[in-house]
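Below is one structure; the comments refer to it alone.
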Amino acid sequence: MMLDVTAAFTAVLQTVRDTGTERVSFESATGRILREPVLADRPFPPFDRVTMDGIAIRYDSYARGQQIFVVEDIQAAGTPQLQLSNLANCMEVMTGAVLPELTDTVIPYEHLDASEHEGFRRFTVNQPVRKGQNIHKKGSDVKADTVLLSPGALLGPAEAGVLATVGKTQVQVARLPRVAVISTGDELVPVSATPETHQLRMSNVYSLGASLQQMGINARRVHLEDNAAEMVNTLRSLLYETDVWISSGAVSAGKYDYLPAVLQQLGMRQVFHKVKQRPGKPFLFGTFNNGPVVFALPGNPVSGFMCFYRYVQPWLQAAMGAAPQQPAYAVLAEKVHFDAPLEYYLPVKLQSQPNGKMLAFPQPYQGSGDLASLLHADAFITLPAEKALFKKGEIYPVWKFR
């Protein structure tokens with residue numbers, strides 16, 4: 001059954017399965033999907049925080065005309081709060097320190113003239129003062145028990161700092177799915193081999209594996225030769241050891257494209273086979289009860305690569321509790337003509353403009369076997385099936401892979 005892209009994508013997301021959760025150290029959680037709320041364990045900041053080196057005063061004294069303040073003590077960052085004993089005096093304060101008790105205003109050193117009188121250090125104010133200045137008030141950023149991170153958040157450097165700040169040493173994240181990346185075909189030889197004229201080095205499984213690694217997923221690599229019986233035996237051994245199969249090749253109409261029949265023999269429920277798109281039309285998708293979800297991608301490298309970012313990555317994100325990636329939008333920088341009644345995914349180079357627009361420059365492209373075309377591209381621009389001529393300046397969705 002051949003579906004249009006929208007129907008195929010909807011069908012894929014309807015099969016999403018929760019991968020489960022695990023607890024990991026916050027130090028190793030970067031790149032993982034959060035599966036629990038993270039709350040502020042105290043206010044942010046937890047005290048009235050000094051934001052400039054200088055002196056802390058009681059503003060009322062300045063308001064009554066006082067310009068000279070004698071220093072009582074120094075409040076350094078990381079030291080317990082001191083108290084001003086004479087409201088006509090001041091306390092030297094350092095950036096990050098607790099505001100001394102009974103003070104309410106901080107004057108930076110740049111707005112002061114320092115002097116000494118009878119053994120006492122003192123400062124004369126030389127600039128206007130505003131009550132409450134240079135103080136980061138307790139709880140002004142976040143109140144205690146506020147939800148800082150919600151389930152589904154992708155944990156990155158900013159989130160690591162928040163986890164550390166609230167003392168969250170262990171964090172519940174989505175379990176990474178167990179993925180097998182499967183190559184097919186007698187024409188494929190190992191990367192380290194010297195291929196004969198009629199052979200190719202395996203590349204698609206490494207490209208797909210690298211895309212998975214960017215999601216933190218280390219996939220198992222498997223190769224299937226063009227032998228239906230051996231395919232059945234190899235895949236049967238993977239049924240209960242993996243959550244997702246991503247295969248490359250053997251899904252078209254060739255005499256040696258055994259994979260669709262083998263998958264059905266093993267009990268896979270076929271959701272669809274073929275999508276109204278180019279590249280990637282022969283894409284097959286199915287599920288096993290109590291077994292893996294199967295993304296059987298076309299063998300041409302650009303086809304499989306596009307299908308990964310259009311279908312596989314969003315499924316994996318959703319299975320781990322994150323919102324599936326949405327396309328960005330860009331302005332087509334050149335006219336494109338494509339008259340097949342298929343949704344067209346064209347490799348483009350994205351370039352940001354000073355006016356805020358993102359331009360998409362189509363790259364030289366010799367079809368879905370042209371792996372090298374991806375080297376100079378950042379994304380696939382999506383051109384709808386109902387049109388044949390796409391004009392310069394028109395805006396279309398782009399699916400980024402860089």
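Chain identifiers are assigned as A, B, and so on, following the order in which chains appear in the structure tokens; residues are numbered from 1 within each chain, and ligands are numbered from 1 in order of appearance.
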### Message
Show me, as a VMD selection string, the residues that have an atom within 12 Å of Val271 in chain A when counting only C-alpha atoms, minus same-chain residues fewer than 6 positions from it.
### Response
chain A and resid 1 to 3 7 to 15 260 264 283 to 288 293 to 296
### Task
Would you list the contacts of range 146-149 of chain A as number ranges by chain, taking every protein, DNA or RNA residue within 7 Å and counting only C-alpha atoms, but skipping same-chain residues closer than 4 positions in sequence?
A: 37-40, 142, 153
Kindly save the residues from that selection, with C-alpha atoms included, as a PDB file, in the first residue's frame.
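As a result, out.pdb now contains:
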ATOM      1  CA  PRO A  37      10.332  16.989  36.487  1.00  0.00           C
ATOM      2  CA  VAL A  38      13.234  18.830  38.085  1.00  0.00           C
ATOM      3  CA  LEU A  39      12.258  21.406  40.740  1.00  0.00           C
ATOM      4  CA  ALA A  40      14.126  24.259  42.352  1.00  0.00           C
ATOM      5  CA  VAL A 142      12.863  31.369  40.430  1.00  0.00           C
ATOM      6  CA  ALA A 153      13.611  18.066  27.735  1.00  0.00           C
TER       7      ALA A 153
END
### Which of range 48-132 of chain A DSSP labels strand (DSSP E), written as an MDAnalysis selection string
chainID A and resid 49:50 54:57 68:75 90:93 105:108 112:117 120:125
### Task
Fewer than 5 positions away in the same chain doesn't count, so skip those; otherwise give me all residues within 10 Å of Gln325 in chain A, counting only C-alpha atoms, as an NGL selection string.
:A and (309-311 or 313-315 or 317-318 or 399-400)
Write out the residues from the selection above, keeping all heavy atoms, as a compact mmCIF listing (two decimals), in the first residue's frame.
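The resulting file, out19.txt, is shown below:
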# COMPACT_ATOMS: atom_id res chain seq x y z
N TYR A 309 15.98 10.98 8.62
CA TYR A 309 15.66 12.26 9.27
C TYR A 309 14.18 12.63 9.16
O TYR A 309 13.67 13.36 10.01
CB TYR A 309 16.55 13.37 8.69
CG TYR A 309 17.96 13.24 9.20
CD1 TYR A 309 18.93 12.58 8.44
CD2 TYR A 309 18.31 13.70 10.45
CE1 TYR A 309 20.22 12.41 8.93
CE2 TYR A 309 19.61 13.54 10.94
CZ TYR A 309 20.54 12.89 10.19
OH TYR A 309 21.80 12.71 10.68
N ARG A 310 13.51 12.10 8.15
CA ARG A 310 12.08 12.41 7.98
C ARG A 310 11.17 11.52 8.81
O ARG A 310 10.10 11.96 9.25
CB ARG A 310 11.71 12.30 6.49
CG ARG A 310 10.29 12.74 6.16
CD ARG A 310 10.09 14.21 6.43
NE ARG A 310 8.74 14.67 6.14
CZ ARG A 310 7.73 14.61 6.99
NH1 ARG A 310 7.91 14.09 8.20
NH2 ARG A 310 6.54 15.07 6.67
N TYR A 311 11.60 10.27 9.06
CA TYR A 311 10.72 9.31 9.73
C TYR A 311 11.36 8.65 10.96
O TYR A 311 10.73 8.58 12.01
CB TYR A 311 10.31 8.20 8.76
CG TYR A 311 9.58 8.66 7.54
CD1 TYR A 311 10.27 8.91 6.34
CD2 TYR A 311 8.21 8.87 7.56
CE1 TYR A 311 9.59 9.34 5.20
CE2 TYR A 311 7.52 9.30 6.42
CZ TYR A 311 8.22 9.54 5.26
OH TYR A 311 7.56 9.97 4.14
N GLN A 313 14.21 9.32 12.88
CA GLN A 313 14.60 10.17 14.01
C GLN A 313 13.39 10.68 14.78
O GLN A 313 13.38 10.61 16.02
CB GLN A 313 15.46 11.34 13.53
CG GLN A 313 15.90 12.27 14.66
CD GLN A 313 16.86 13.33 14.19
OE1 GLN A 313 18.06 13.16 14.21
NE2 GLN A 313 16.32 14.47 13.74
N PRO A 314 12.33 11.19 14.12
CA PRO A 314 11.15 11.60 14.89
C PRO A 314 10.53 10.46 15.70
O PRO A 314 10.07 10.69 16.82
CB PRO A 314 10.19 12.12 13.82
CG PRO A 314 11.07 12.56 12.69
CD PRO A 314 12.20 11.58 12.69
N TRP A 315 10.51 9.25 15.15
CA TRP A 315 9.97 8.11 15.91
C TRP A 315 10.81 7.86 17.16
O TRP A 315 10.27 7.67 18.26
CB TRP A 315 9.95 6.85 15.03
CG TRP A 315 9.23 5.69 15.66
CD1 TRP A 315 7.94 5.31 15.44
CD2 TRP A 315 9.75 4.76 16.63
NE1 TRP A 315 7.63 4.21 16.20
CE2 TRP A 315 8.72 3.84 16.95
CE3 TRP A 315 10.98 4.61 17.25
CZ2 TRP A 315 8.88 2.81 17.86
CZ3 TRP A 315 11.15 3.57 18.17
CH2 TRP A 315 10.12 2.69 18.46
N GLN A 317 12.76 9.96 18.77
CA GLN A 317 12.56 11.06 19.72
C GLN A 317 11.27 10.88 20.49
O GLN A 317 11.24 11.03 21.73
CB GLN A 317 12.57 12.40 18.96
CG GLN A 317 13.92 12.79 18.41
CD GLN A 317 13.85 13.95 17.43
OE1 GLN A 317 12.85 14.14 16.75
NE2 GLN A 317 14.91 14.72 17.33
N ALA A 318 10.19 10.55 19.79
CA ALA A 318 8.91 10.37 20.47
C ALA A 318 8.93 9.18 21.41
O ALA A 318 8.36 9.23 22.50
CB ALA A 318 7.80 10.19 19.42
N TRP A 399 14.19 19.96 6.31
CA TRP A 399 14.54 18.99 7.34
C TRP A 399 16.05 18.95 7.45
O TRP A 399 16.76 18.49 6.55
CB TRP A 399 13.98 17.61 6.99
CG TRP A 399 12.49 17.59 6.99
CD1 TRP A 399 11.66 17.94 5.97
CD2 TRP A 399 11.64 17.24 8.09
NE1 TRP A 399 10.34 17.83 6.36
CE2 TRP A 399 10.31 17.40 7.65
CE3 TRP A 399 11.88 16.79 9.39
CZ2 TRP A 399 9.21 17.13 8.48
CZ3 TRP A 399 10.79 16.52 10.19
CH2 TRP A 399 9.48 16.69 9.76
N LYS A 400 16.56 19.48 8.56
CA LYS A 400 18.01 19.63 8.71
C LYS A 400 18.67 18.31 9.15
O LYS A 400 18.11 17.57 9.94
CB LYS A 400 18.32 20.70 9.76
CG LYS A 400 17.86 22.10 9.39
CD LYS A 400 18.22 23.09 10.49
CE LYS A 400 17.77 24.51 10.18
NZ LYS A 400 18.13 25.44 11.27
### Task
Please identify all polymer residues within 9 Å of Arg122 in chain A, counting only C-alpha atoms, omitting same-chain residues fewer than 2 positions from it, and present them as JSON, numbers by chain.
{"A": [68, 69, 70, 71, 89, 90, 113, 114, 115, 116, 117, 120, 124]}
### Message
What does the structure give for the distance between CA of Ile33 in chain A and CA of Pro46 in chain A, in Å to one decimal?
### Response
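So the answer is 27.9 Å.
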### Message
Using Å and a single decimal, report how far CA of Ser192 in chain A sits from CA of Ala219 in chain A.
### Response
19.6 Å
## Note on the structure
Residue with the minimum atom-to-atom distance to Pro384 in chain A, picked from A:Asn204, A:Ser248, A:Gln67, A:Thr6 with only C-alpha atoms counted, is A:Thr6
### Query
From the set A:Tyr365, A:Phe47, A:Phe123, A:Phe305, which residue has the shortest atom-to-atom contact distance to Leu212 in chain A, counting only C-alpha atoms?
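Answer, going by the shortest atom-to-atom distance: A:Phe305.
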### Query
What lies within 12 Å of Pro364 in chain A using only C-alpha atoms, ignoring chain neighbours under 3 positions off, as a count of residues only?
16
### Proximity to His337 in chain A - best of A:Asn134, A:Arg220, A:Ala388, A:Asp4, only C-alpha atoms
A:Ala388
### Task
Tell me, as a list in words, which residues lie within 7 Å of range 34-36 of chain A, counting only C-alpha atoms; anything in the same chain fewer than 3 positions away does not count.
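Listing them by chain and then by number gives Ser150, Pro151, Gly152, Ala153, Leu154, Leu155, Gln172, Val173 and Ala174 of chain A.
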Using all heavy atoms, can you export the residues from the last selection as a CSV table (one decimal), in the first residue's frame?
chain,number,residue,atom,x,y,z
A,150,SER,N,11.1,20.1,32.5
A,150,SER,CA,9.9,19.2,32.4
A,150,SER,C,10.3,17.9,31.7
A,150,SER,O,11.3,17.9,30.9
A,150,SER,CB,8.8,19.9,31.7
A,150,SER,OG,8.3,21.0,32.4
A,151,PRO,N,9.6,16.8,31.9
A,151,PRO,CA,9.9,15.6,31.1
A,151,PRO,C,9.8,15.9,29.6
A,151,PRO,O,9.0,16.6,29.1
A,151,PRO,CB,8.8,14.6,31.6
A,151,PRO,CG,8.4,15.1,32.9
A,151,PRO,CD,8.5,16.6,32.9
A,152,GLY,N,10.8,15.3,28.9
A,152,GLY,CA,10.8,15.5,27.4
A,152,GLY,C,11.9,16.4,27.1
A,152,GLY,O,12.3,16.6,25.9
A,153,ALA,N,12.5,17.1,28.0
A,153,ALA,CA,13.6,18.1,27.7
A,153,ALA,C,14.9,17.3,27.3
A,153,ALA,O,15.2,16.3,27.9
A,153,ALA,CB,13.9,18.9,29.0
A,154,LEU,N,15.5,17.8,26.3
A,154,LEU,CA,16.8,17.3,25.9
A,154,LEU,C,17.9,18.0,26.8
A,154,LEU,O,18.0,19.2,26.9
A,154,LEU,CB,17.1,17.7,24.4
A,154,LEU,CG,18.5,17.3,23.9
A,154,LEU,CD1,18.7,15.8,23.9
A,154,LEU,CD2,18.7,17.8,22.5
A,155,LEU,N,18.7,17.1,27.5
A,155,LEU,CA,19.6,17.6,28.4
A,155,LEU,C,20.9,18.0,27.7
A,155,LEU,O,21.6,17.2,27.1
A,155,LEU,CB,19.9,16.6,29.5
A,155,LEU,CG,18.7,16.1,30.3
A,155,LEU,CD1,19.0,15.0,31.3
A,155,LEU,CD2,18.1,17.3,31.1
A,172,GLN,N,16.5,10.8,36.2
A,172,GLN,CA,15.7,9.8,35.4
A,172,GLN,C,15.6,10.2,34.0
A,172,GLN,O,15.1,11.3,33.7
A,172,GLN,CB,14.4,9.6,36.0
A,172,GLN,CG,13.6,8.4,35.4
A,172,GLN,CD,12.4,8.1,36.2
A,172,GLN,OE1,12.4,7.4,37.2
A,172,GLN,NE2,11.2,8.5,35.7
A,173,VAL,N,16.1,9.4,33.1
A,173,VAL,CA,16.1,9.7,31.6
A,173,VAL,C,15.5,8.5,30.9
A,173,VAL,O,15.3,7.4,31.4
A,173,VAL,CB,17.5,10.0,31.1
A,173,VAL,CG1,18.1,11.2,31.8
A,173,VAL,CG2,18.4,8.8,31.3
A,174,ALA,N,15.2,8.8,29.6
A,174,ALA,CA,14.7,7.7,28.7
A,174,ALA,C,15.8,6.7,28.5
A,174,ALA,O,16.9,7.0,28.2
A,174,ALA,CB,14.2,8.3,27.4
### Residue nearest Tyr396 in chain A among A:Tyr329, A:Phe380, A:Tyr240, A:Phe338 (counting only C-alpha atoms)
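Distance minimum relative to Tyr396 in chain A lands on A:Tyr329.
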### Message
Can you pull out every residue from range 92-296 of chain A that DSSP, working from the backbone, puts in helix (DSSP H, G or I), and format the result as a ChimeraX atom specification?
### Response
/A:109-111,157-165,204-213,228-238,259-265
Serialized selection, N, CA and C atoms, as a compact mmCIF listing (two decimals), in the first residue's frame:
# COMPACT_ATOMS: atom_id res chain seq x y z
N TYR A 109 32.53 50.58 43.55
CA TYR A 109 33.74 51.35 43.82
C TYR A 109 33.94 52.49 42.82
N GLU A 110 33.47 52.29 41.56
CA GLU A 110 33.65 53.33 40.55
C GLU A 110 32.91 54.61 40.89
N HIS A 111 31.93 54.53 41.78
CA HIS A 111 31.15 55.71 42.16
C HIS A 111 31.53 56.22 43.55
N PRO A 157 24.20 21.47 27.90
CA PRO A 157 25.05 22.19 28.84
C PRO A 157 24.28 23.07 29.82
N ALA A 158 23.27 23.81 29.36
CA ALA A 158 22.50 24.66 30.27
C ALA A 158 21.76 23.82 31.30
N GLU A 159 21.20 22.70 30.85
CA GLU A 159 20.46 21.82 31.76
C GLU A 159 21.40 21.18 32.78
N ALA A 160 22.64 20.86 32.36
CA ALA A 160 23.62 20.29 33.29
C ALA A 160 23.90 21.27 34.44
N GLY A 161 24.00 22.55 34.11
CA GLY A 161 24.22 23.55 35.15
C GLY A 161 23.06 23.63 36.12
N VAL A 162 21.84 23.53 35.60
CA VAL A 162 20.66 23.57 36.47
C VAL A 162 20.61 22.34 37.37
N LEU A 163 20.89 21.16 36.80
CA LEU A 163 20.90 19.93 37.61
C LEU A 163 21.91 20.05 38.74
N ALA A 164 23.08 20.59 38.43
CA ALA A 164 24.10 20.75 39.47
C ALA A 164 23.65 21.75 40.53
N THR A 165 23.02 22.84 40.10
CA THR A 165 22.59 23.88 41.03
C THR A 165 21.57 23.37 42.05
N ASN A 204 26.17 2.72 3.87
CA ASN A 204 24.89 3.18 4.42
C ASN A 204 24.76 2.89 5.91
N VAL A 205 25.20 1.69 6.34
CA VAL A 205 25.05 1.35 7.76
C VAL A 205 25.90 2.26 8.64
N TYR A 206 27.02 2.74 8.10
CA TYR A 206 27.88 3.63 8.89
C TYR A 206 27.30 5.04 8.91
N SER A 207 26.70 5.46 7.82
CA SER A 207 26.03 6.76 7.80
C SER A 207 24.85 6.76 8.77
N LEU A 208 24.03 5.71 8.71
CA LEU A 208 22.90 5.61 9.63
C LEU A 208 23.38 5.48 11.07
N GLY A 209 24.44 4.70 11.27
CA GLY A 209 24.99 4.55 12.63
C GLY A 209 25.49 5.86 13.18
N ALA A 210 26.11 6.69 12.33
CA ALA A 210 26.59 8.00 12.78
C ALA A 210 25.43 8.91 13.15
N SER A 211 24.34 8.84 12.37
CA SER A 211 23.15 9.64 12.70
C SER A 211 22.59 9.22 14.05
N LEU A 212 22.60 7.93 14.33
CA LEU A 212 22.13 7.44 15.63
C LEU A 212 23.07 7.87 16.75
N GLN A 213 24.37 7.85 16.48
CA GLN A 213 25.32 8.27 17.50
C GLN A 213 25.10 9.71 17.92
N ALA A 228 17.36 -15.84 1.17
CA ALA A 228 16.15 -15.69 1.99
C ALA A 228 16.21 -16.52 3.26
N ALA A 229 16.68 -17.77 3.16
CA ALA A 229 16.72 -18.65 4.33
C ALA A 229 17.67 -18.11 5.39
N GLU A 230 18.83 -17.63 4.96
CA GLU A 230 19.78 -17.07 5.92
C GLU A 230 19.25 -15.77 6.52
N MET A 231 18.53 -14.98 5.72
CA MET A 231 17.90 -13.77 6.25
C MET A 231 16.95 -14.11 7.38
N VAL A 232 16.12 -15.13 7.16
CA VAL A 232 15.16 -15.54 8.18
C VAL A 232 15.88 -15.92 9.47
N ASN A 233 16.92 -16.72 9.37
CA ASN A 233 17.64 -17.18 10.56
C ASN A 233 18.30 -16.03 11.30
N THR A 234 18.95 -15.14 10.55
CA THR A 234 19.65 -14.02 11.20
C THR A 234 18.66 -13.08 11.88
N LEU A 235 17.58 -12.72 11.18
CA LEU A 235 16.63 -11.78 11.76
C LEU A 235 15.86 -12.39 12.91
N ARG A 236 15.57 -13.69 12.85
CA ARG A 236 14.87 -14.33 13.96
C ARG A 236 15.69 -14.23 15.25
N SER A 237 17.00 -14.29 15.14
CA SER A 237 17.85 -14.20 16.33
C SER A 237 17.85 -12.81 16.93
N LEU A 238 17.41 -11.80 16.15
CA LEU A 238 17.39 -10.42 16.65
C LEU A 238 16.04 -10.02 17.22
N LEU A 259 13.65 -9.11 1.23
CA LEU A 259 13.37 -8.65 2.59
C LEU A 259 11.88 -8.52 2.91
N PRO A 260 11.05 -7.90 2.07
CA PRO A 260 9.62 -7.79 2.44
C PRO A 260 8.98 -9.14 2.74
N ALA A 261 9.24 -10.14 1.89
CA ALA A 261 8.65 -11.47 2.12
C ALA A 261 9.22 -12.12 3.37
N VAL A 262 10.51 -11.94 3.62
CA VAL A 262 11.14 -12.51 4.82
C VAL A 262 10.53 -11.90 6.08
N LEU A 263 10.34 -10.60 6.08
CA LEU A 263 9.76 -9.94 7.25
C LEU A 263 8.34 -10.43 7.51
N GLN A 264 7.57 -10.59 6.47
CA GLN A 264 6.21 -11.11 6.66
C GLN A 264 6.23 -12.55 7.14
N GLN A 265 7.18 -13.34 6.64
CA GLN A 265 7.32 -14.73 7.09
C GLN A 265 7.62 -14.79 8.59
